[in-house]
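S.K.: Below is upload.cif; it holds mmCIF, C-alpha atoms and all ligand atoms.
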data_target
#
loop_
_atom_site.label_atom_id
_atom_site.label_comp_id
_atom_site.auth_asym_id
_atom_site.auth_seq_id
_atom_site.Cartn_x
_atom_site.Cartn_y
_atom_site.Cartn_z
CA MET A 1 14.46 0.87 2.48
CA ASN A 2 11.95 2.35 0.04
CA GLN A 3 9.72 5.26 1.00
CA PRO A 4 6.08 4.43 1.86
CA LEU A 5 3.80 4.60 -1.18
CA SER A 6 0.47 6.36 -0.88
CA MET A 7 -2.18 3.92 -2.17
CA GLY A 8 -5.21 1.98 -1.03
CA ILE A 9 -6.83 -1.37 -1.75
CA ARG A 10 -10.32 -0.33 -2.78
CA GLY A 11 -11.72 -3.78 -3.47
CA THR A 12 -10.83 -7.46 -3.82
CA GLY A 13 -12.44 -10.47 -5.46
CA ARG A 14 -11.91 -14.11 -6.33
CA TYR A 15 -13.17 -17.05 -8.30
CA VAL A 16 -12.42 -20.71 -7.81
CA PRO A 17 -13.87 -23.37 -10.06
CA ALA A 18 -16.54 -25.71 -8.68
CA GLY A 19 -14.64 -28.85 -9.73
CA LEU A 20 -13.04 -30.60 -6.74
CA LEU A 21 -9.90 -32.70 -7.02
CA THR A 22 -9.29 -34.49 -3.73
CA ASN A 23 -6.27 -36.44 -2.55
CA ARG A 24 -8.42 -39.56 -2.87
CA ASP A 25 -9.04 -38.71 -6.55
CA LEU A 26 -5.27 -38.47 -7.05
CA GLU A 27 -4.86 -42.00 -5.71
CA SER A 28 -6.37 -43.13 -9.03
CA TYR A 29 -3.89 -41.01 -11.07
CA PHE A 30 -0.66 -42.46 -9.61
CA GLU A 31 0.68 -44.30 -6.59
CA THR A 32 0.12 -41.93 -3.67
CA SER A 33 -2.07 -41.58 -0.60
CA ASP A 34 -4.13 -38.95 1.16
CA GLU A 35 -1.89 -39.47 4.20
CA TRP A 36 1.35 -38.81 2.24
CA ILE A 37 0.03 -35.69 0.55
CA THR A 38 -1.52 -34.28 3.74
CA THR A 39 1.56 -34.76 5.91
CA ARG A 40 4.07 -33.53 3.29
CA THR A 41 2.10 -30.58 1.93
CA GLY A 42 -1.03 -29.79 3.99
CA VAL A 43 -3.19 -30.03 0.85
CA LYS A 44 -6.42 -32.06 1.19
CA GLU A 45 -8.18 -30.92 -1.96
CA ARG A 46 -7.81 -28.39 -4.74
CA ARG A 47 -10.13 -26.90 -7.39
CA MET A 48 -9.90 -27.82 -11.05
CA VAL A 49 -11.31 -26.06 -14.11
CA SER A 50 -14.04 -27.67 -16.22
CA ALA A 51 -13.48 -28.19 -19.95
CA ALA A 52 -15.19 -24.84 -20.62
CA GLU A 53 -13.02 -22.88 -18.16
CA ASN A 54 -9.52 -21.47 -18.38
CA THR A 55 -7.36 -18.70 -16.95
CA LEU A 56 -9.25 -15.97 -18.82
CA THR A 57 -12.73 -17.13 -17.77
CA MET A 58 -11.59 -17.29 -14.14
CA ALA A 59 -9.88 -13.89 -14.36
CA ILE A 60 -13.13 -12.36 -15.64
CA ARG A 61 -15.10 -13.71 -12.67
CA ALA A 62 -12.51 -12.57 -10.10
CA ALA A 63 -12.18 -9.13 -11.73
CA ARG A 64 -15.96 -8.58 -11.74
CA ASP A 65 -16.07 -9.55 -8.08
CA ALA A 66 -13.28 -7.07 -7.21
CA LEU A 67 -14.85 -4.25 -9.25
CA GLU A 68 -18.19 -4.78 -7.52
CA ASP A 69 -16.45 -4.70 -4.14
CA ALA A 70 -14.66 -1.49 -5.15
CA GLY A 71 -17.86 0.09 -6.46
CA LEU A 72 -16.21 0.82 -9.80
CA SER A 73 -17.09 0.05 -13.39
CA ALA A 74 -14.41 -1.36 -15.69
CA SER A 75 -14.34 1.86 -17.72
CA GLU A 76 -13.12 3.70 -14.60
CA LEU A 77 -9.93 1.61 -14.59
CA ASP A 78 -6.72 3.23 -15.82
CA LEU A 79 -4.69 0.05 -16.09
CA ILE A 80 -5.01 -3.74 -15.83
CA ILE A 81 -2.05 -5.90 -14.80
CA CYS A 82 -2.65 -9.61 -15.02
CA SER A 83 -0.23 -12.04 -13.45
CA THR A 84 -0.23 -15.48 -15.04
CA VAL A 85 2.10 -18.20 -16.28
CA THR A 86 -0.83 -20.16 -17.66
CA PRO A 87 -2.51 -17.73 -20.08
CA ALA A 88 -5.53 -18.95 -22.02
CA TYR A 89 -3.65 -18.01 -25.21
CA PRO A 90 0.06 -17.35 -25.75
CA LEU A 91 -0.86 -14.11 -27.53
CA PRO A 92 -2.16 -11.44 -26.86
CA SER A 93 -1.97 -10.71 -23.16
CA THR A 94 -4.72 -11.92 -20.85
CA ALA A 95 -5.06 -8.36 -19.55
CA ASN A 96 -6.26 -7.08 -22.96
CA MET A 97 -8.78 -9.89 -23.42
CA LEU A 98 -9.95 -9.36 -19.86
CA ALA A 99 -10.50 -5.64 -20.49
CA ASP A 100 -12.64 -6.49 -23.50
CA ALA A 101 -14.64 -9.09 -21.58
CA LEU A 102 -15.27 -6.53 -18.83
CA GLY A 103 -16.72 -4.16 -21.43
CA ALA A 104 -13.79 -1.73 -21.43
CA PRO A 105 -11.47 -2.81 -24.28
CA GLN A 106 -9.76 0.60 -24.27
CA VAL A 107 -8.20 0.13 -20.80
CA PRO A 108 -4.46 -0.49 -21.27
CA GLY A 109 -2.99 -3.60 -19.77
CA PHE A 110 -0.24 -6.16 -19.83
CA ASP A 111 0.68 -9.47 -18.24
CA VAL A 112 3.35 -10.15 -15.67
CA ALA A 113 5.10 -13.53 -15.68
CA ALA A 114 6.72 -13.87 -12.27
CA ALA A 115 5.24 -17.28 -11.48
CA CYS A 116 3.92 -17.70 -7.92
CA ALA A 117 5.29 -14.28 -6.93
CA GLY A 118 3.56 -12.59 -9.88
CA PHE A 119 0.58 -11.13 -8.04
CA VAL A 120 2.79 -9.56 -5.35
CA TYR A 121 5.16 -8.25 -8.05
CA ALA A 122 2.16 -6.74 -9.86
CA VAL A 123 0.77 -5.19 -6.67
CA CYS A 124 4.16 -3.53 -6.05
CA LEU A 125 4.22 -2.20 -9.63
CA ALA A 126 0.65 -0.94 -9.41
CA ALA A 127 1.34 0.75 -6.06
CA THR A 128 4.24 2.73 -7.52
CA GLN A 129 1.98 3.88 -10.38
CA VAL A 130 -0.81 4.96 -8.04
CA HIS A 131 1.61 6.67 -5.67
CA ALA A 132 3.16 8.60 -8.57
CA GLY A 133 -0.29 9.81 -9.59
CA ALA A 134 0.08 8.18 -12.99
CA GLN A 135 -3.06 6.08 -12.43
CA SER A 136 -6.00 6.34 -10.03
CA ASN A 137 -7.46 2.84 -10.32
CA VAL A 138 -5.41 -0.22 -11.27
CA LEU A 139 -6.88 -3.69 -11.46
CA VAL A 140 -4.38 -6.39 -10.51
CA VAL A 141 -5.34 -9.99 -11.22
CA GLY A 142 -3.60 -13.28 -10.42
CA ALA A 143 -5.13 -16.13 -12.42
CA GLU A 144 -3.77 -19.62 -13.03
CA THR A 145 -4.83 -22.97 -14.45
CA MET A 146 -2.06 -25.00 -12.85
CA THR A 147 -3.82 -28.35 -13.38
CA ARG A 148 -3.07 -27.87 -17.10
CA LEU A 149 0.60 -26.91 -16.67
CA ALA A 150 1.65 -29.35 -13.93
CA ASP A 151 2.57 -32.85 -15.08
CA ARG A 152 -0.32 -35.23 -14.39
CA GLU A 153 2.14 -38.12 -14.46
CA ASP A 154 4.49 -36.62 -11.86
CA ARG A 155 3.22 -37.48 -8.40
CA ALA A 156 5.88 -35.36 -6.70
CA SER A 157 4.59 -32.11 -8.19
CA TYR A 158 1.02 -32.56 -9.48
CA ILE A 159 -0.33 -33.07 -5.95
CA LEU A 160 0.52 -29.50 -4.95
CA PHE A 161 -1.36 -27.46 -7.50
CA GLY A 162 -4.87 -26.15 -8.08
CA ASP A 163 -6.72 -23.59 -10.21
CA GLY A 164 -8.24 -20.22 -9.37
CA ALA A 165 -8.12 -16.46 -9.70
CA GLY A 166 -8.00 -13.48 -7.37
CA ALA A 167 -8.08 -9.74 -7.98
CA ALA A 168 -7.54 -6.43 -6.23
CA VAL A 169 -8.27 -2.83 -7.22
CA LEU A 170 -5.49 -0.48 -6.12
CA SER A 171 -6.60 3.13 -5.96
CA THR A 172 -5.58 6.59 -4.82
CA ALA A 173 -5.46 6.67 -1.01
CA THR A 174 -8.46 8.14 0.76
CA ARG A 175 -6.62 8.54 4.10
CA PRO A 176 -3.05 9.77 4.72
CA ASP A 177 -2.13 6.53 6.55
CA GLN A 178 -3.30 4.31 3.68
CA GLN A 179 0.10 3.23 2.40
CA MET A 180 2.30 0.47 1.11
CA LEU A 181 4.80 0.72 3.96
CA TYR A 182 7.39 -1.56 2.38
CA PHE A 183 7.94 -3.57 -0.75
CA ASN A 184 10.60 -5.83 -2.14
CA MET A 185 11.06 -7.69 -5.43
CA GLY A 186 13.88 -10.22 -5.57
CA ALA A 187 15.21 -12.84 -7.95
CA ASP A 188 17.92 -15.43 -8.54
CA GLY A 189 17.84 -16.25 -12.24
CA SER A 190 20.68 -18.75 -11.83
CA GLN A 191 18.07 -21.14 -10.40
CA ALA A 192 15.66 -20.81 -13.33
CA LYS A 193 15.57 -24.52 -14.05
CA LEU A 194 14.45 -25.59 -10.59
CA ILE A 195 10.91 -25.07 -11.89
CA TRP A 196 10.47 -24.74 -15.63
CA VAL A 197 8.72 -25.89 -18.78
CA PRO A 198 11.33 -27.00 -21.34
CA ALA A 199 9.19 -26.82 -24.50
CA GLY A 200 6.37 -24.86 -26.07
CA GLY A 201 8.38 -21.63 -26.32
CA SER A 202 10.58 -20.35 -29.15
CA ALA A 203 13.60 -22.39 -27.98
CA GLU A 204 11.72 -25.65 -28.45
CA PRO A 205 8.39 -25.09 -30.19
CA ALA A 206 5.62 -27.60 -29.50
CA SER A 207 5.92 -30.68 -31.72
CA THR A 208 4.81 -34.27 -31.61
CA LYS A 209 8.21 -35.06 -30.11
CA THR A 210 7.92 -32.50 -27.29
CA VAL A 211 4.41 -33.66 -26.49
CA ASN A 212 5.40 -37.35 -26.52
CA GLU A 213 8.36 -36.60 -24.27
CA ARG A 214 6.18 -34.49 -21.94
CA LEU A 215 8.46 -31.47 -22.36
CA HIS A 216 5.51 -29.07 -22.50
CA VAL A 217 4.58 -29.61 -18.84
CA MET A 218 6.20 -28.31 -15.70
CA LYS A 219 9.38 -29.89 -14.30
CA MET A 220 10.14 -29.19 -10.65
CA LYS A 221 13.00 -30.11 -8.35
CA GLY A 222 10.75 -30.10 -5.29
CA ARG A 223 13.31 -30.83 -2.60
CA GLU A 224 15.61 -27.99 -3.74
CA VAL A 225 12.73 -25.54 -4.10
CA TYR A 226 11.57 -26.49 -0.63
CA LYS A 227 14.96 -25.79 0.93
CA PHE A 228 15.17 -22.42 -0.76
CA ALA A 229 11.61 -21.36 0.04
CA VAL A 230 11.72 -22.34 3.69
CA THR A 231 14.64 -19.97 4.35
CA ARG A 232 13.50 -17.22 1.97
CA MET A 233 10.02 -16.87 3.44
CA GLN A 234 11.43 -16.29 6.94
CA GLU A 235 13.96 -13.81 5.58
CA GLU A 236 11.30 -11.89 3.67
CA ILE A 237 9.11 -11.44 6.75
CA ARG A 238 12.06 -10.62 9.02
CA THR A 239 13.46 -8.05 6.57
CA ALA A 240 10.08 -6.34 6.11
CA LEU A 241 9.72 -5.96 9.86
CA GLN A 242 13.27 -4.68 10.29
CA ALA A 243 12.95 -2.20 7.41
CA THR A 244 9.74 -0.68 8.76
CA GLY A 245 10.73 -0.82 12.42
CA LEU A 246 7.50 -2.69 13.14
CA THR A 247 7.13 -5.84 15.22
CA ILE A 248 4.84 -8.75 14.48
CA ASP A 249 2.42 -7.25 17.05
CA ASP A 250 1.91 -4.32 14.65
CA VAL A 251 0.97 -6.67 11.81
CA THR A 252 -2.65 -7.81 11.79
CA LEU A 253 -2.21 -10.66 9.31
CA VAL A 254 0.49 -12.33 7.26
CA VAL A 255 -0.87 -13.63 3.96
CA PRO A 256 1.82 -15.93 2.54
CA HIS A 257 1.87 -17.75 -0.76
CA GLN A 258 0.22 -21.12 -0.19
CA SER A 259 3.04 -23.29 -1.50
CA ASN A 260 3.34 -25.94 1.19
CA LEU A 261 1.97 -25.86 4.75
CA ARG A 262 5.36 -26.96 6.10
CA ILE A 263 7.08 -23.95 4.49
CA ILE A 264 4.53 -21.58 6.04
CA GLU A 265 4.64 -23.24 9.47
CA SER A 266 8.41 -23.32 9.55
CA ALA A 267 8.54 -19.54 8.94
CA ARG A 268 5.85 -19.00 11.56
CA ASP A 269 7.68 -21.13 14.17
CA ARG A 270 11.10 -19.59 13.55
CA LEU A 271 9.74 -16.05 13.80
CA GLY A 272 7.42 -16.81 16.72
CA ILE A 273 4.30 -15.62 14.89
CA PRO A 274 1.02 -16.75 16.51
CA ALA A 275 -0.98 -19.14 14.29
CA GLU A 276 -3.99 -16.80 14.13
CA LYS A 277 -1.82 -14.13 12.48
CA VAL A 278 -1.06 -16.27 9.44
CA PHE A 279 -3.68 -16.91 6.77
CA VAL A 280 -3.82 -20.48 5.49
CA ASN A 281 -6.23 -22.00 2.96
CA ILE A 282 -3.89 -24.51 1.34
CA GLU A 283 -5.89 -27.48 2.65
CA ARG A 284 -8.83 -26.41 0.43
CA LEU A 285 -7.14 -24.88 -2.60
CA GLY A 286 -3.56 -26.20 -2.86
CA ASN A 287 -0.98 -24.00 -4.56
CA THR A 288 -2.73 -21.82 -7.16
CA SER A 289 0.55 -20.09 -8.11
CA SER A 290 0.05 -16.34 -8.56
CA ALA A 291 -3.66 -16.59 -7.72
CA SER A 292 -2.77 -17.83 -4.25
CA VAL A 293 -2.07 -14.55 -2.40
CA ALA A 294 -4.84 -12.79 -4.36
CA ILE A 295 -7.47 -15.34 -3.34
CA ALA A 296 -6.20 -15.45 0.26
CA LEU A 297 -6.31 -11.66 0.54
CA ASP A 298 -9.94 -11.60 -0.59
CA GLU A 299 -10.90 -14.45 1.74
CA ALA A 300 -9.18 -12.68 4.65
CA ARG A 301 -11.03 -9.42 3.96
CA GLU A 302 -14.34 -11.24 3.59
CA ALA A 303 -13.77 -13.07 6.91
CA LYS A 304 -13.02 -9.65 8.49
CA ARG A 305 -9.59 -10.81 9.55
CA ILE A 306 -8.28 -7.57 8.02
CA GLY A 307 -9.95 -4.22 7.49
CA PRO A 308 -9.28 -0.47 7.23
CA GLY A 309 -6.27 0.67 9.26
CA ASN A 310 -4.87 -2.85 9.66
CA VAL A 311 -1.41 -3.83 8.44
CA VAL A 312 -1.21 -6.85 6.13
CA LEU A 313 2.01 -8.47 4.98
CA ILE A 314 1.88 -10.38 1.69
CA THR A 315 4.79 -12.51 0.55
CA ALA A 316 5.41 -15.06 -2.22
CA ILE A 317 8.20 -17.13 -3.75
CA GLY A 318 8.12 -18.84 -7.12
CA ALA A 319 9.78 -20.13 -10.28
CA GLY A 320 12.53 -17.88 -11.57
CA LEU A 321 13.43 -18.06 -8.81
CA VAL A 322 11.58 -14.92 -7.73
CA TRP A 323 10.17 -13.55 -4.53
CA SER A 324 8.25 -10.48 -3.51
CA THR A 325 6.90 -9.01 -0.29
CA ALA A 326 4.73 -6.01 0.52
CA MET A 327 3.46 -4.55 3.76
CA ILE A 328 0.30 -2.50 3.36
CA ARG A 329 -1.73 -0.41 5.78
CA LEU A 330 -5.25 -0.93 4.45
C1 LIG A 401 7.04 -31.57 -3.62
C2 LIG A 401 7.30 -31.94 -2.18
C3 LIG A 401 5.98 -32.02 -1.44
C4 LIG A 401 7.95 -33.32 -2.14
O1 LIG A 401 8.23 -33.67 -0.79
P1 LIG A 401 9.67 -34.24 -0.42
O2 LIG A 401 9.61 -34.59 1.01
O3 LIG A 401 10.68 -33.23 -0.85
O4 LIG A 401 9.72 -35.54 -1.28
P2 LIG A 401 10.81 -36.04 -2.34
O5 LIG A 401 10.51 -35.45 -3.68
O6 LIG A 401 12.19 -35.88 -1.79
O7 LIG A 401 10.46 -37.57 -2.35
C5 LIG A 401 10.55 -38.40 -1.18
C6 LIG A 401 9.98 -39.74 -1.51
O8 LIG A 401 8.55 -39.65 -1.64
C7 LIG A 401 8.15 -40.16 -2.89
N1 LIG A 401 7.00 -39.37 -3.37
C8 LIG A 401 7.04 -38.22 -4.09
N2 LIG A 401 5.79 -37.82 -4.32
C9 LIG A 401 4.95 -38.72 -3.75
C10 LIG A 401 3.56 -38.84 -3.66
N3 LIG A 401 2.72 -37.93 -4.21
N4 LIG A 401 3.04 -39.88 -2.99
C11 LIG A 401 3.84 -40.79 -2.43
N5 LIG A 401 5.18 -40.75 -2.49
C12 LIG A 401 5.72 -39.72 -3.13
C13 LIG A 401 9.36 -40.01 -3.79
O9 LIG A 401 9.32 -40.92 -4.87
C14 LIG A 401 10.47 -40.32 -2.83
O10 LIG A 401 10.58 -41.74 -2.68
P3 LIG A 401 12.01 -42.43 -2.49
O11 LIG A 401 12.57 -41.85 -1.22
O12 LIG A 401 11.65 -43.86 -2.42
O13 LIG A 401 12.80 -42.03 -3.70
C15 LIG A 401 8.24 -30.90 -1.50
O14 LIG A 401 9.54 -31.07 -1.98
C16 LIG A 401 7.81 -29.50 -1.73
O15 LIG A 401 6.73 -29.08 -1.32
N6 LIG A 401 8.66 -28.67 -2.35
C17 LIG A 401 8.37 -27.28 -2.61
C18 LIG A 401 7.64 -27.21 -3.90
C19 LIG A 401 7.00 -25.88 -4.13
O16 LIG A 401 6.61 -25.21 -3.20
N7 LIG A 401 6.87 -25.52 -5.40
C20 LIG A 401 6.21 -24.36 -5.81
C21 LIG A 401 7.03 -23.18 -5.51
S1 LIG A 401 6.04 -21.79 -5.68
#
How would this structure read if it were set down as structure tokens?
M.R.:
Amino acid sequence: MNQPLSMGIRGTGRYVPAGLLTNRDLESYFETSDEWITTRTGVKERRMVSAAENTLTMAIRAARDALEDAGLSASELDLIICSTVTPAYPLPSTANMLADALGAPQVPGFDVAAACAGFVYAVCLAATQVHAGAQSNVLVVGAETMTRLADREDRASYILFGDGAGAAVLSTATRPDQQMLYFNMGADGSQAKLIWVPAGGSAEPASTKTVNERLHVMKMKGREVYKFAVTRMQEEIRTALQATGLTIDDVTLVVPHQSNLRIIESARDRLGIPAEKVFVNIERLGNTSSASVAIALDEAREAKRIGPGNVVLITAIGAGLVWSTAMIRL
């Protein structure tokens, strides 16, 4: 069990594109139905970028929103960590281009590629930096354009995903009880190919062949990922509670990665967590990969479902396979 880390969440923000992609719209892409998608995943609609938007443009909007909430200007940031597996450009990092767009190109930054768990990974990293006194204000962003990475011809995976961005500013604690009470980062690299993109990297650079064979879009073994995630999510929540000696009554809200409503509900049922203690927005936004927990956290704060002094548990599982969980007293 790690020691509690002194840190606070000073502000959060989000941006989701205006473009709606409903289950009915998907019925014109491939053979599927609103009923199938709703019962298997809980997703009714998701947001999709316009031609002019991408991960960077969404990250800028979410970051500005979080900075405004925090009452900080970009030049007061000490570090930017951007989580994305769908960067606007392969090089350089989204974090550097984001810093420039925010008017503070000198702020150091880098990207984290830990798929759907990336935002929680980045929050854990940022918390250790703030706790150590190395940085006072760290901007953590999760931004993804999944509608451009998922395979539009694969009905078993495309239905899950949507686009969006969320952000949080982690800062030096202003109260002694403002802490990350627990964090965990886990991985099983032996399962890397359960969700992966075979081409477009240095192993198989993009070519006419890779594009024709659709090797540059995401491949997912959904059933196997489901089985893994359903058990892992329960274990992550149970372990966090055991490690801190807290019970679910001490936790104000669980904010899980919005991967599939059945995965979330199965964890909730098995652990006996009341429905009102689990944040769900998957019906509106689908799975936005690493933006998912970031957006949900901001929505939960805005809806006053969490506030100062409350304990929030964030947890996510993704391609890698990777998983990460943090319990924070706000
Ligand atoms: C993707 C997922 C919804 C698929 O549900 P599933 O119950 O596992 O479905 P399967 O892939 O086993 O397919 C079952 C059947 O439905 C069909 N099917 C798949 N997608 C369909 C769709 N969109 N519409 C209608 N039928 C569909 C399949 O062809 C298959 O038909 P068959 O039995 O005749 O072969 C589910 O596996 C899942 O959510 N997995 C986790 C994925 C995830 O969370 N990934 C991100 C991790 S961060």
S.K.: If the limit is 7 Å from any atom of ligand LIG 401 (chain A), counting only C-alpha atoms and all ligand atoms, which residues qualify? Return them as a list in words.
M.R.: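 What falls inside 7 Å of ligand LIG 401 (chain A) is Glu31, Thr32, Ser33, Trp36, Ile37, Arg40, Thr41, Cys116, Arg155, Ala156, Ser157, Ile159, Leu160, Gly222, Arg223, Val225, Tyr226, Ser259, Asn260, Ser289, Ile317, Gly318 and Ala319 of chain A.
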S.K.: With distances taken over only C-alpha atoms, which of A:Gly166, A:Ala206, A:Ser83, A:Pro108 is nearest to Ile60 of chain A?
M.R.: A:Gly166
S.K.: What does the structure give for the distance between atom CA of Asp250 of chain A and atom CA of Glu236 of chain A, in Å to one decimal?
M.R.: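 So the two atoms, atom CA of Asp250 of chain A and atom CA of Glu236 of chain A, lie 16.3 Å apart.
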S.K.: Give me the residues within 12 Å of Val107 of chain A as a list in words, counting only C-alpha atoms and dropping any in the same chain fewer than 4 places off.
M.R.: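 Using only C-alpha atoms, the neighbours found are Ser73, Ala74, Ser75, Glu76, Leu77, Asp78, Leu79, Ile80, Ile81, Ala95, Asn96, Met97, Leu98, Ala99, Asp100, Ala101, Leu102, Gly103, Gln135, Asn137, Val138 and Leu139 of chain A.
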S.K.: Produce a file of the selected residues containing C-alpha atoms, as a JSON list (two decimals), keeping the file's coordinate frame.
M.R.:
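New file part_13.json:
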[["chain", "number", "residue", "atom", "x", "y", "z"],
["A", 73, "SER", "CA", -17.09, 0.05, -13.39],
["A", 74, "ALA", "CA", -14.41, -1.36, -15.69],
["A", 75, "SER", "CA", -14.34, 1.86, -17.72],
["A", 76, "GLU", "CA", -13.12, 3.70, -14.60],
["A", 77, "LEU", "CA", -9.93, 1.61, -14.59],
["A", 78, "ASP", "CA", -6.72, 3.23, -15.82],
["A", 79, "LEU", "CA", -4.69, 0.05, -16.09],
["A", 80, "ILE", "CA", -5.01, -3.74, -15.83],
["A", 81, "ILE", "CA", -2.05, -5.90, -14.80],
["A", 95, "ALA", "CA", -5.06, -8.36, -19.55],
["A", 96, "ASN", "CA", -6.26, -7.08, -22.96],
["A", 97, "MET", "CA", -8.78, -9.89, -23.42],
["A", 98, "LEU", "CA", -9.95, -9.36, -19.86],
["A", 99, "ALA", "CA", -10.50, -5.64, -20.49],
["A", 100, "ASP", "CA", -12.64, -6.49, -23.50],
["A", 101, "ALA", "CA", -14.64, -9.09, -21.58],
["A", 102, "LEU", "CA", -15.27, -6.53, -18.83],
["A", 103, "GLY", "CA", -16.72, -4.16, -21.43],
["A", 135, "GLN", "CA", -3.06, 6.08, -12.43],
["A", 137, "ASN", "CA", -7.46, 2.84, -10.32],
["A", 138, "VAL", "CA", -5.41, -0.22, -11.27],
["A", 139, "LEU", "CA", -6.88, -3.69, -11.46]]
S.K.: To one decimal place, how far is atom CA of Thr55 of chain A from atom CA of Ser136 of chain A in Å?
M.R.: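 These atoms are spaced 26.0 Å apart.
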